[in-house]
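Before any comments, here is the structure.
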Amino acid sequence: MADNENDAAAADADANKEAPTEKATTEETGEDQSKLTPPKTPASKPGSAKPGSAKSGSARSGSAKPGSAKSTTSKPPSAKSTTSVAKTPASKPHSPKSSAARTATGKSSKTSPGKAKDKEDENEETEGATEAAPAFVLEVLEALPAGARPLFLASKTQEILGCIADEHVTEENPAKLLKKEDIILDMRNRAAVSDFSVVKQKIFDYPEDEILIVYDVEFKFGENFYIALTPEARHIMYHPPKAKVRADGTVVEVGEEGEEDMEAVEEIIHKYVPPESKEWVSQGSEKEIIEETVKENRPRVKMSIKRVRRDFGAPCQFTDRNVGDAKDAYMECTAYEDKTFDLKKLELDKCVQAIPVFTEAGTQTEWKHPRNANTQYYPREYGEEKMKEIGESKSLQTMAEDVAPRFELALQQNEIMDVFFDDWLALADEDGSFGSKADNHLKEYQSFTDLQFSKDKTITCIEWHPTIKGVAAVAVCDKMSFDSRIDHAAKVIMTPSLILIWSFTDPIHPQLLLEAPDDIYSFKFCPTDPSIVAGGCINGQVVLWDISAHLERLKTPRSNRKKNINTLPGFEDESAFDTPIVRYCAVSSIEHSHKAAITDVLWVPDHMEINRMGVPQENRQQQCVQLMTCAADNCILLWDTRPPKGVTSADDKGLKNPMGIPTTFRYLDLSWKPHMKVNLSRSEPGGDHSPTKFSIQEIQGDRSVLTKLSETKDDKPGGGGGGYGFSTGKPSSAKEKRTLQDVNTHLYAGGEDGEIIYADWMPQKDQDSGKIQTPKPTFYNTLHDGPVNTLQRSPFFRDILLCVGGWTFSIWKEGVNSGPILASSASPKRLTAGFWSPSRPGVFYITRVDGSVDVWDLLDRTHEPSLNQNVSSVPITCIYPYQVSSKQHLLAIGDNSGTLHVLEIPWSLRQPTPNELVGVSNYFDREVKRREFVVARWDFREMEKREIEAEAKRKAGIAPNVQLSEEELEMKMKTEYMAYLEEEASFLRQLGLKEEVDEPLPEV
């Protein structure tokens, strides 16, 4: 037996010496280079070994199972360590000895000719699969080696390169060799769309002709594949480490069943190899050091200071003195404005003291000691006799006659023109570089699209950044119906749901990508803290992002990101141009969220907050901490972003954050519940209203309701001080808040059936059930012939609303419940969105499904648009105008192909006409009066119709319905009520529930 084992070991050594490299082995065996793992063979005969086990002796093994063949793997060559391997016992059939181990034994082995021939045949059969079986990579590798990285391959790329998941590469055979020229050809054909574009340069630098990729079934490293970009990484994947290190430092080999072989011990001996000195190679750094050296360019200034000898070492005595005693004793440090100051005011304390205004004046006179002086002036007063004498004097009359013509001429000039108007300063206001009066159409200013994230998708929402100019965010989603999403659920899950943030400084690449759990239909920036973004998902959840860590990226142009004076040559940040993906920091609880897609999101203004009973109260923190959402599940929800009771932001400081997600709203993640719920139920049976858009009267920045607060008792000391942030503090108690009586708690909502609902969000006690619930709507009107997609208040009139839905649009005035004050006729194309102009009160924009934009001017015409311009060949989904400056207004338009069009608004549409605000206000007043007249005529016609019917009945001999007066009606109702009481008492007496009481006899 010992001779047989020695013979087998010698045969293994010969086979290992003759084994060529991976490429040569594949050529000799004639196997396909793209398949790294040989196919499995049926079970061997009873006399053969199991597949994958290296068995010595006369037993012949069949095709080795991928990954199960045990062989001693040597570590990569290193100049600083050497390894000596102890002899392993020959009794282990699954632990063949390496050549190093056989050398260490110092014994010679002999092999009989017959057994050597059998061993050679066995080595020939397993030679082709020596390095072509990396199926154990996923099980052994705990981390990717240097030179390897995860890579996402789309289904199109897998089909082109022949590595389709679960077909060409599987969990059992995950590895695949791709030709380098095929990858380069794919990058040339598809450019930036190719999935290999992120490692383009490393693929070009790869020295070999074939590149190894491995299918990551469990997404262990974050993507569905990972790739070896260096030969060293490829070698480590072929020969992963198969040893464990004990606590004492010894290396123990791991057996096939995962048990440690305590007999196979490798002792690692580290040998120190001193570094070799190399010749200095100049890279130009010494020139930079020489340039930074300070050199003297002028002769040094010589200064001589003298002092009396006796004053050296004398003690110093400091005393106070008057400023006026010395000439140079007064010094003033004037304040100046720091232009580089960039700090947001969170809390500002101001005080005013009633003192005389302090003025400074200077003159070129002889300087004297400063001293305080003041002068008091009194008006000169004349007596009655003196004033009468001056009034009747001839000199005063002569002066008035001389001055009167000039005075009248000055008054006429002031009426004709403004004499104080500076024509030079206003010379370029009307005709600037951004358009002239002659321009009458929208100009294409910029276009944004991304081939990877927004192509073939639809834009659902557009928002401009509140503080950073030139930055716009868009939400994109797949163009799928509900049934298509169910049928292609796997594709939908694998496709990321993103919000793209674009900047005018880089029209090709988005600046930020906000990742969401599902497609976003609506989102809003927080008005008081623009780094907080709230969005509504298609699955009904509310999502919050914090982009405060990336604000500098939005402010800095792309070309200036690498210009950092502190960066040394060769140490630049290679990821400076990569678009970062920001993961959401909080998402609402799915059980307490909407049951349909969220179609509208609104931040509650910072001057108010709503409690659980719907009462608007004063928000002393002046921070937007509440938001409202609506969906087609018949309700509107109110959310509060502050920590709930019993939870503080300090509780999250000790939690681990491996993914770098901001902890701003960690206390809300997956446990966020709505603060209040507003149900929109119908007045009659037949289902509830399904809101798609809503609007409240209070707007951000208008704090007029705070000035109308009734006088209350003084606040407690320290009750409302301090600013409130999103991550610190608690909401103040209800006792310290004042109720805003002037806030209108009614809201407008637009439904899926085209109706306009006007309801009160404050819950009330139901008279029938006694429960506290939302009252039924005050009124609703089904006017539109399709779902309402826009419901927006005018920025100039808080009680005027624009509503767009189906093929029509309408304008409503709050308080007029009989109908709209303006309703359009049916458009030939369906309307998709609308928006008021931010600078002209009578102008608004309407988009259509044919890709065109209608501009309506109420002062010009009301029966047709003033301007119609085609923008896109696909339907337009949303629109948002933006006022950059007084000379430039932009219009952002999103279409159904994922493209964001930015148009420039001409001068005629951005510059208001004289007295336009008054004219539009008068127009609305006239329409309200016209509406009242129409309602009065309706009532008159109804009364006239009743009179005609009564006259017809009288002529036909039918008794007319007698109209009772109020007193007669009251008497009739009282009689009926007394009859009811008598009948009730009689019924109770028959049941024995009430005793009969005999009336007393009258006294005689």
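Letters A, B, ... go to the chains of the structure tokens in the order shown; residues in each chain start at 1; ligands are counted from 1 in the same order.
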
Exercise. Enumerate as a VMD selection string all residues of segment 847-1002 of chain A assigned to strand (DSSP E) by DSSP on the backbone, naming them with the chain letters and numbers the document uses.
Key: chain A and resid 847 to 848 852 to 857 867 to 870 876 to 885 888 to 895 900 to 904

Would you mind exporting N, CA and C atoms of the selected residues as an mmCIF file, in the first residue's frame?
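See result-v2.cif below for the written result:
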data_model
loop_
_atom_site.group_PDB
_atom_site.id
_atom_site.type_symbol
_atom_site.label_atom_id
_atom_site.label_comp_id
_atom_site.auth_asym_id
_atom_site.auth_seq_id
_atom_site.Cartn_x
_atom_site.Cartn_y
_atom_site.Cartn_z
ATOM 1 N N THR A 847 -51.024 72.431 -21.534
ATOM 2 C CA THR A 847 -50.357 71.475 -22.427
ATOM 3 C C THR A 847 -51.361 70.441 -22.911
ATOM 4 N N ARG A 848 -51.076 69.905 -24.101
ATOM 5 C CA ARG A 848 -51.994 68.963 -24.725
ATOM 6 C C ARG A 848 -51.269 67.651 -25.038
ATOM 7 N N SER A 852 -48.150 69.968 -27.838
ATOM 8 C CA SER A 852 -48.171 71.416 -28.023
ATOM 9 C C SER A 852 -48.545 72.112 -26.717
ATOM 10 N N VAL A 853 -48.247 73.426 -26.670
ATOM 11 C CA VAL A 853 -48.505 74.264 -25.498
ATOM 12 C C VAL A 853 -49.413 75.408 -25.922
ATOM 13 N N ASP A 854 -50.513 75.606 -25.184
ATOM 14 C CA ASP A 854 -51.415 76.738 -25.399
ATOM 15 C C ASP A 854 -51.139 77.794 -24.345
ATOM 16 N N VAL A 855 -50.962 79.043 -24.798
ATOM 17 C CA VAL A 855 -50.767 80.179 -23.890
ATOM 18 C C VAL A 855 -52.037 81.019 -23.932
ATOM 19 N N TRP A 856 -52.711 81.131 -22.783
ATOM 20 C CA TRP A 856 -53.969 81.873 -22.682
ATOM 21 C C TRP A 856 -53.715 83.199 -21.988
ATOM 22 N N ASP A 857 -54.248 84.274 -22.564
ATOM 23 C CA ASP A 857 -54.184 85.614 -21.980
ATOM 24 C C ASP A 857 -55.616 86.106 -21.820
ATOM 25 N N LEU A 867 -51.563 81.968 -28.058
ATOM 26 C CA LEU A 867 -50.407 81.384 -28.728
ATOM 27 C C LEU A 867 -50.477 79.876 -28.591
ATOM 28 N N ASN A 868 -50.206 79.176 -29.695
ATOM 29 C CA ASN A 868 -50.103 77.714 -29.694
ATOM 30 C C ASN A 868 -48.810 77.331 -30.369
ATOM 31 N N GLN A 869 -47.993 76.554 -29.666
ATOM 32 C CA GLN A 869 -46.690 76.173 -30.205
ATOM 33 C C GLN A 869 -46.424 74.715 -29.902
ATOM 34 N N ASN A 870 -45.941 73.985 -30.914
ATOM 35 C CA ASN A 870 -45.604 72.582 -30.739
ATOM 36 C C ASN A 870 -44.199 72.466 -30.177
ATOM 37 N N ILE A 876 -47.113 65.644 -23.839
ATOM 38 C CA ILE A 876 -46.507 66.382 -22.726
ATOM 39 C C ILE A 876 -47.207 65.957 -21.442
ATOM 40 N N THR A 877 -46.417 65.691 -20.399
ATOM 41 C CA THR A 877 -46.975 65.185 -19.140
ATOM 42 C C THR A 877 -47.042 66.232 -18.039
ATOM 43 N N CYS A 878 -46.091 67.187 -17.999
ATOM 44 C CA CYS A 878 -46.084 68.174 -16.924
ATOM 45 C C CYS A 878 -45.379 69.434 -17.403
ATOM 46 N N ILE A 879 -45.638 70.534 -16.688
ATOM 47 C CA ILE A 879 -45.099 71.849 -17.060
ATOM 48 C C ILE A 879 -44.849 72.631 -15.783
ATOM 49 N N TYR A 880 -43.782 73.475 -15.793
ATOM 50 C CA TYR A 880 -43.434 74.265 -14.607
ATOM 51 C C TYR A 880 -42.619 75.487 -15.061
ATOM 52 N N PRO A 881 -43.184 76.714 -15.025
ATOM 53 C CA PRO A 881 -42.386 77.915 -15.339
ATOM 54 C C PRO A 881 -41.501 78.306 -14.170
ATOM 55 N N TYR A 882 -40.402 79.009 -14.489
ATOM 56 C CA TYR A 882 -39.419 79.367 -13.465
ATOM 57 C C TYR A 882 -38.889 80.770 -13.786
ATOM 58 N N GLN A 883 -38.867 81.625 -12.782
ATOM 59 C CA GLN A 883 -38.411 82.997 -12.947
ATOM 60 C C GLN A 883 -36.966 83.106 -12.482
ATOM 61 N N VAL A 884 -36.026 83.125 -13.444
ATOM 62 C CA VAL A 884 -34.600 83.216 -13.113
ATOM 63 C C VAL A 884 -34.275 84.632 -12.659
ATOM 64 N N SER A 885 -34.681 85.627 -13.428
ATOM 65 C CA SER A 885 -34.478 87.034 -13.092
ATOM 66 C C SER A 885 -35.579 87.826 -13.773
ATOM 67 N N GLN A 888 -35.211 87.191 -17.543
ATOM 68 C CA GLN A 888 -35.212 85.828 -18.092
ATOM 69 C C GLN A 888 -36.192 84.961 -17.318
ATOM 70 N N HIS A 889 -37.154 84.383 -18.037
ATOM 71 C CA HIS A 889 -38.089 83.413 -17.496
ATOM 72 C C HIS A 889 -37.983 82.147 -18.328
ATOM 73 N N LEU A 890 -37.960 81.009 -17.656
ATOM 74 C CA LEU A 890 -37.837 79.719 -18.335
ATOM 75 C C LEU A 890 -39.094 78.896 -18.085
ATOM 76 N N LEU A 891 -39.342 77.971 -19.021
ATOM 77 C CA LEU A 891 -40.506 77.092 -18.942
ATOM 78 C C LEU A 891 -40.028 75.656 -19.106
ATOM 79 N N ALA A 892 -40.155 74.850 -18.043
ATOM 80 C CA ALA A 892 -39.734 73.444 -18.075
ATOM 81 C C ALA A 892 -40.921 72.577 -18.472
ATOM 82 N N ILE A 893 -40.695 71.702 -19.451
ATOM 83 C CA ILE A 893 -41.749 70.834 -19.973
ATOM 84 C C ILE A 893 -41.200 69.414 -20.032
ATOM 85 N N GLY A 894 -41.932 68.463 -19.467
ATOM 86 C CA GLY A 894 -41.568 67.058 -19.517
ATOM 87 C C GLY A 894 -42.521 66.287 -20.416
ATOM 88 N N ASP A 895 -41.965 65.370 -21.210
ATOM 89 C CA ASP A 895 -42.809 64.642 -22.157
ATOM 90 C C ASP A 895 -42.816 63.160 -21.827
ATOM 91 N N LEU A 900 -36.577 66.310 -20.830
ATOM 92 C CA LEU A 900 -36.934 67.564 -20.168
ATOM 93 C C LEU A 900 -36.568 68.716 -21.095
ATOM 94 N N HIS A 901 -37.564 69.429 -21.612
ATOM 95 C CA HIS A 901 -37.356 70.585 -22.476
ATOM 96 C C HIS A 901 -37.436 71.849 -21.636
ATOM 97 N N VAL A 902 -36.447 72.723 -21.804
ATOM 98 C CA VAL A 902 -36.437 74.018 -21.124
ATOM 99 C C VAL A 902 -36.543 75.088 -22.208
ATOM 100 N N LEU A 903 -37.649 75.847 -22.174
ATOM 101 C CA LEU A 903 -37.910 76.887 -23.165
ATOM 102 C C LEU A 903 -37.787 78.255 -22.520
ATOM 103 N N GLU A 904 -37.462 79.241 -23.349
ATOM 104 C CA GLU A 904 -37.338 80.615 -22.877
ATOM 105 C C GLU A 904 -38.615 81.374 -23.215
#

Neighbours of Ile160 of chain A within 12 Å (only C-alpha atoms; same-chain residues fewer than 4 positions away dropped), as a CSV table (one decimal) with N, CA and C atoms, in the first residue's frame?
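The file below, around.csv, is the result:
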chain,number,residue,atom,x,y,z
A,153,LEU,N,-24.9,43.8,-15.7
A,153,LEU,CA,-25.1,43.5,-17.1
A,153,LEU,C,-26.6,43.4,-17.4
A,154,ALA,N,-27.0,44.3,-18.3
A,154,ALA,CA,-28.5,44.2,-18.6
A,154,ALA,C,-28.7,43.0,-19.5
A,155,SER,N,-30.0,42.7,-19.7
A,155,SER,CA,-30.4,41.6,-20.5
A,155,SER,C,-30.0,41.7,-21.9
A,156,LYS,N,-29.9,42.9,-22.5
A,156,LYS,CA,-29.5,43.1,-23.8
A,156,LYS,C,-28.0,42.8,-23.9
A,164,ILE,N,-26.2,34.8,-20.9
A,164,ILE,CA,-27.6,35.1,-20.4
A,164,ILE,C,-27.7,34.3,-19.0
A,178,LEU,N,-15.0,35.8,-21.7
A,178,LEU,CA,-15.5,36.7,-22.8
A,178,LEU,C,-14.2,37.2,-23.5
A,182,ASP,N,-14.7,41.2,-28.4
A,182,ASP,CA,-16.1,41.3,-28.4
A,182,ASP,C,-16.6,42.4,-27.5
A,183,ILE,N,-16.0,42.6,-26.3
A,183,ILE,CA,-16.3,43.6,-25.4
A,183,ILE,C,-16.0,45.0,-26.0
A,185,LEU,N,-15.8,45.8,-29.1
A,185,LEU,CA,-16.8,46.0,-30.2
A,185,LEU,C,-18.1,46.5,-29.6
A,186,ASP,N,-18.6,45.9,-28.5
A,186,ASP,CA,-19.8,46.3,-27.9
A,186,ASP,C,-19.8,47.8,-27.4
A,187,MET,N,-18.6,48.2,-26.8
A,187,MET,CA,-18.5,49.5,-26.3
A,187,MET,C,-18.5,50.5,-27.5
A,189,ASN,N,-20.0,50.1,-30.4
A,189,ASN,CA,-21.3,50.1,-31.1
A,189,ASN,C,-22.3,50.9,-30.2
A,190,ARG,N,-22.3,50.7,-28.9
A,190,ARG,CA,-23.3,51.3,-28.0
A,190,ARG,C,-22.8,52.4,-27.2
A,194,SER,N,-23.4,51.1,-23.2
A,194,SER,CA,-22.8,49.8,-22.9
A,194,SER,C,-22.5,49.7,-21.4
A,195,ASP,N,-22.8,48.5,-20.9
A,195,ASP,CA,-22.6,48.3,-19.4
A,195,ASP,C,-21.1,48.3,-19.1

Can you tell me which residues surround Val604 of chain A at a distance of at most 8 Å, considering only C-alpha atoms, apart from same-chain residues fewer than 2 positions away, and format the answer as an mmCIF file with all heavy atoms, in the first residue's frame?
data_model
loop_
_atom_site.group_PDB
_atom_site.id
_atom_site.type_symbol
_atom_site.label_atom_id
_atom_site.label_comp_id
_atom_site.auth_asym_id
_atom_site.auth_seq_id
_atom_site.Cartn_x
_atom_site.Cartn_y
_atom_site.Cartn_z
ATOM 1 N N LEU A 602 -47.894 68.165 -0.836
ATOM 2 C CA LEU A 602 -47.870 69.586 -0.498
ATOM 3 C C LEU A 602 -47.318 69.754 0.913
ATOM 4 O O LEU A 602 -47.788 69.103 1.852
ATOM 5 C CB LEU A 602 -49.278 70.192 -0.591
ATOM 6 C CG LEU A 602 -49.418 71.658 -0.175
ATOM 7 C CD1 LEU A 602 -48.662 72.558 -1.140
ATOM 8 C CD2 LEU A 602 -50.878 72.067 -0.102
ATOM 9 N N ASP A 606 -44.824 77.208 6.656
ATOM 10 C CA ASP A 606 -44.037 77.183 7.889
ATOM 11 C C ASP A 606 -44.652 78.007 9.013
ATOM 12 O O ASP A 606 -44.187 77.914 10.159
ATOM 13 C CB ASP A 606 -42.615 77.686 7.614
ATOM 14 C CG ASP A 606 -42.604 79.089 7.031
ATOM 15 O OD1 ASP A 606 -43.690 79.640 6.779
ATOM 16 O OD2 ASP A 606 -41.505 79.642 6.826
ATOM 17 N N MET A 608 -47.708 77.758 10.138
ATOM 18 C CA MET A 608 -48.823 77.074 10.769
ATOM 19 C C MET A 608 -48.538 75.583 10.843
ATOM 20 O O MET A 608 -47.664 75.059 10.158
ATOM 21 C CB MET A 608 -50.124 77.301 9.991
ATOM 22 C CG MET A 608 -50.075 76.789 8.560
ATOM 23 S SD MET A 608 -51.637 76.912 7.672
ATOM 24 C CE MET A 608 -52.576 75.611 8.457
ATOM 25 N N GLU A 609 -49.267 74.916 11.722
ATOM 26 C CA GLU A 609 -49.255 73.463 11.820
ATOM 27 C C GLU A 609 -50.662 73.011 12.222
ATOM 28 O O GLU A 609 -51.424 73.774 12.814
ATOM 29 C CB GLU A 609 -48.218 72.974 12.825
ATOM 30 C CG GLU A 609 -48.437 73.480 14.241
ATOM 31 C CD GLU A 609 -47.378 72.952 15.195
ATOM 32 O OE1 GLU A 609 -46.296 73.571 15.299
ATOM 33 O OE2 GLU A 609 -47.655 71.926 15.829
ATOM 34 N N CYS A 624 -41.030 74.121 8.055
ATOM 35 C CA CYS A 624 -42.037 73.230 7.476
ATOM 36 C C CYS A 624 -41.807 71.815 8.010
ATOM 37 O O CYS A 624 -40.800 71.174 7.676
ATOM 38 C CB CYS A 624 -41.963 73.248 5.953
ATOM 39 S SG CYS A 624 -42.436 74.813 5.210
ATOM 40 N N VAL A 625 -42.706 71.336 8.853
ATOM 41 C CA VAL A 625 -42.547 70.028 9.477
ATOM 42 C C VAL A 625 -43.707 69.092 9.151
ATOM 43 O O VAL A 625 -43.705 67.943 9.593
ATOM 44 C CB VAL A 625 -42.403 70.169 11.007
ATOM 45 C CG1 VAL A 625 -41.117 70.893 11.360
ATOM 46 C CG2 VAL A 625 -43.594 70.910 11.600
ATOM 47 N N GLN A 626 -44.680 69.559 8.390
ATOM 48 C CA GLN A 626 -45.836 68.731 8.053
ATOM 49 C C GLN A 626 -46.060 68.783 6.544
ATOM 50 O O GLN A 626 -45.757 69.793 5.901
ATOM 51 C CB GLN A 626 -47.095 69.209 8.780
ATOM 52 C CG GLN A 626 -47.064 68.985 10.280
ATOM 53 C CD GLN A 626 -48.345 69.462 10.954
ATOM 54 O OE1 GLN A 626 -49.091 70.264 10.408
ATOM 55 N NE2 GLN A 626 -48.611 68.957 12.155
ATOM 56 N N LEU A 627 -46.578 67.678 5.993
ATOM 57 C CA LEU A 627 -46.905 67.632 4.577
ATOM 58 C C LEU A 627 -48.201 66.858 4.391
ATOM 59 O O LEU A 627 -48.562 66.010 5.215
ATOM 60 C CB LEU A 627 -45.772 67.011 3.760
ATOM 61 C CG LEU A 627 -45.256 65.625 4.124
ATOM 62 C CD1 LEU A 627 -45.925 64.557 3.277
ATOM 63 C CD2 LEU A 627 -43.759 65.543 3.939
ATOM 64 N N MET A 628 -48.886 67.158 3.301
ATOM 65 C CA MET A 628 -50.168 66.547 2.976
ATOM 66 C C MET A 628 -50.038 65.813 1.651
ATOM 67 O O MET A 628 -49.355 66.284 0.730
ATOM 68 C CB MET A 628 -51.268 67.611 2.893
ATOM 69 C CG MET A 628 -51.427 68.432 4.151
ATOM 70 S SD MET A 628 -52.647 69.768 3.979
ATOM 71 C CE MET A 628 -54.166 68.816 3.918
ATOM 72 N N GLN A 700 -47.031 79.369 1.160
ATOM 73 C CA GLN A 700 -45.752 79.585 1.825
ATOM 74 C C GLN A 700 -45.301 81.034 1.654
ATOM 75 O O GLN A 700 -45.338 81.592 0.564
ATOM 76 C CB GLN A 700 -44.699 78.636 1.228
ATOM 77 C CG GLN A 700 -43.291 78.843 1.737
ATOM 78 C CD GLN A 700 -43.153 78.530 3.214
ATOM 79 O OE1 GLN A 700 -43.909 77.725 3.734
ATOM 80 N NE2 GLN A 700 -42.205 79.145 3.875
#

Quiz item: Out of A:Ala228, A:Lys200, A:Ile846, A:Pro557, which residue has the shortest atom-to-atom distance to Arg188 of chain A when counting only C-alpha atoms?
Solution: A:Lys200

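The nearest approach to Asp925 of chain A among the residues A:Ile800, A:Cys461, A:Val301, A:Leu740, with only C-alpha atoms taken into account, belongs to A:Ile800.
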
Exercise. Would you work out the distance separating atom CA of Ile538 of chain A from atom CA of Pro517 of chain A, expressed in Å to one decimal?
Key: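 One can read the atom CA of Ile538 of chain A to atom CA of Pro517 of chain A distance as 9.5 Å.
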
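Residues in contact range of Asp760 of chain A, defined as at most 8 Å between only C-alpha atoms, with sequence neighbours fewer than 2 positions away removed, read A:Thr745, A:His746, A:Leu747, A:Tyr758, A:Met762, A:Pro763, A:Thr774, A:Pro775, A:Lys776, A:Pro777, A:Thr778.
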
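Take the candidates A:Gly805, A:Gln621, A:Thr739, A:Cys316 and check each one against Glu347 of chain A using only C-alpha atoms; the shortest distance goes to A:Gln621.
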
Quiz prompt | Residues near segment 810-818 of chain A, cut-off 8 Å, only C-alpha atoms, skip fewer than 2 positions along chain, as a list in words | solution =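 Skipping anything fewer than 2 positions along the chain leaves Phe779, Asp799, Ile800, Leu801, Leu802, Cys803, Val804, Thr808, Pro820, Ile821, Leu822, Ala823, Ser824, Val928, Arg931 and Val935 of chain A.
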
Residue subset to file, keeping N, CA and C atoms, as a PDB file, in the first residue's frame:
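After the write, out16.pdb holds the following:
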ATOM      1  N   PHE A 779     -69.822  71.186  -1.271  1.00  0.00           N
ATOM      2  CA  PHE A 779     -70.423  71.021  -2.592  1.00  0.00           C
ATOM      3  C   PHE A 779     -69.413  70.296  -3.484  1.00  0.00           C
ATOM      4  N   ASP A 799     -57.869  83.325  -4.000  1.00  0.00           N
ATOM      5  CA  ASP A 799     -59.167  82.676  -4.099  1.00  0.00           C
ATOM      6  C   ASP A 799     -59.517  82.275  -5.536  1.00  0.00           C
ATOM      7  N   ILE A 800     -58.561  82.349  -6.465  1.00  0.00           N
ATOM      8  CA  ILE A 800     -58.777  81.972  -7.864  1.00  0.00           C
ATOM      9  C   ILE A 800     -57.998  80.688  -8.134  1.00  0.00           C
ATOM     10  N   LEU A 801     -58.674  79.680  -8.696  1.00  0.00           N
ATOM     11  CA  LEU A 801     -58.048  78.384  -8.960  1.00  0.00           C
ATOM     12  C   LEU A 801     -58.197  78.019 -10.428  1.00  0.00           C
ATOM     13  N   LEU A 802     -57.147  77.412 -10.973  1.00  0.00           N
ATOM     14  CA  LEU A 802     -57.152  76.864 -12.330  1.00  0.00           C
ATOM     15  C   LEU A 802     -57.279  75.352 -12.239  1.00  0.00           C
ATOM     16  N   CYS A 803     -58.251  74.799 -12.924  1.00  0.00           N
ATOM     17  CA  CYS A 803     -58.506  73.359 -12.896  1.00  0.00           C
ATOM     18  C   CYS A 803     -58.469  72.836 -14.332  1.00  0.00           C
ATOM     19  N   VAL A 804     -57.681  71.774 -14.566  1.00  0.00           N
ATOM     20  CA  VAL A 804     -57.546  71.171 -15.887  1.00  0.00           C
ATOM     21  C   VAL A 804     -57.870  69.690 -15.754  1.00  0.00           C
ATOM     22  N   THR A 808     -61.180  69.805 -21.173  1.00  0.00           N
ATOM     23  CA  THR A 808     -61.563  71.179 -20.824  1.00  0.00           C
ATOM     24  C   THR A 808     -60.771  71.667 -19.631  1.00  0.00           C
ATOM     25  N   PRO A 820     -68.165  77.353 -12.111  1.00  0.00           N
ATOM     26  CA  PRO A 820     -66.951  78.109 -12.429  1.00  0.00           C
ATOM     27  C   PRO A 820     -67.288  79.464 -13.024  1.00  0.00           C
ATOM     28  N   ILE A 821     -66.384  80.417 -12.837  1.00  0.00           N
ATOM     29  CA  ILE A 821     -66.582  81.738 -13.438  1.00  0.00           C
ATOM     30  C   ILE A 821     -66.117  81.754 -14.881  1.00  0.00           C
ATOM     31  N   LEU A 822     -65.328  80.744 -15.291  1.00  0.00           N
ATOM     32  CA  LEU A 822     -64.907  80.612 -16.684  1.00  0.00           C
ATOM     33  C   LEU A 822     -64.710  79.139 -16.984  1.00  0.00           C
ATOM     34  N   ALA A 823     -65.349  78.660 -18.031  1.00  0.00           N
ATOM     35  CA  ALA A 823     -65.218  77.267 -18.460  1.00  0.00           C
ATOM     36  C   ALA A 823     -64.956  77.253 -19.961  1.00  0.00           C
ATOM     37  N   SER A 824     -63.952  76.485 -20.378  1.00  0.00           N
ATOM     38  CA  SER A 824     -63.579  76.449 -21.790  1.00  0.00           C
ATOM     39  C   SER A 824     -64.436  75.439 -22.537  1.00  0.00           C
ATOM     40  N   VAL A 928     -67.982  87.131 -11.673  1.00  0.00           N
ATOM     41  CA  VAL A 928     -68.744  86.732 -10.481  1.00  0.00           C
ATOM     42  C   VAL A 928     -70.147  87.319 -10.537  1.00  0.00           C
ATOM     43  N   ARG A 931     -72.131  85.438 -12.976  1.00  0.00           N
ATOM     44  CA  ARG A 931     -72.545  84.151 -12.431  1.00  0.00           C
ATOM     45  C   ARG A 931     -73.751  84.321 -11.506  1.00  0.00           C
ATOM     46  N   VAL A 935     -77.526  82.620 -11.933  1.00  0.00           N
ATOM     47  CA  VAL A 935     -78.220  81.865 -10.885  1.00  0.00           C
ATOM     48  C   VAL A 935     -79.590  82.490 -10.618  1.00  0.00           C
TER      49      VAL A 935
END

Self-check item: Selection near segment 487-496 of chain A, 9 Å with only C-alpha atoms, sequence-local residues under 4 positions removed, as an MDAnalysis selection string
Solution: chainID A and resid 453 478 482:483 515:519
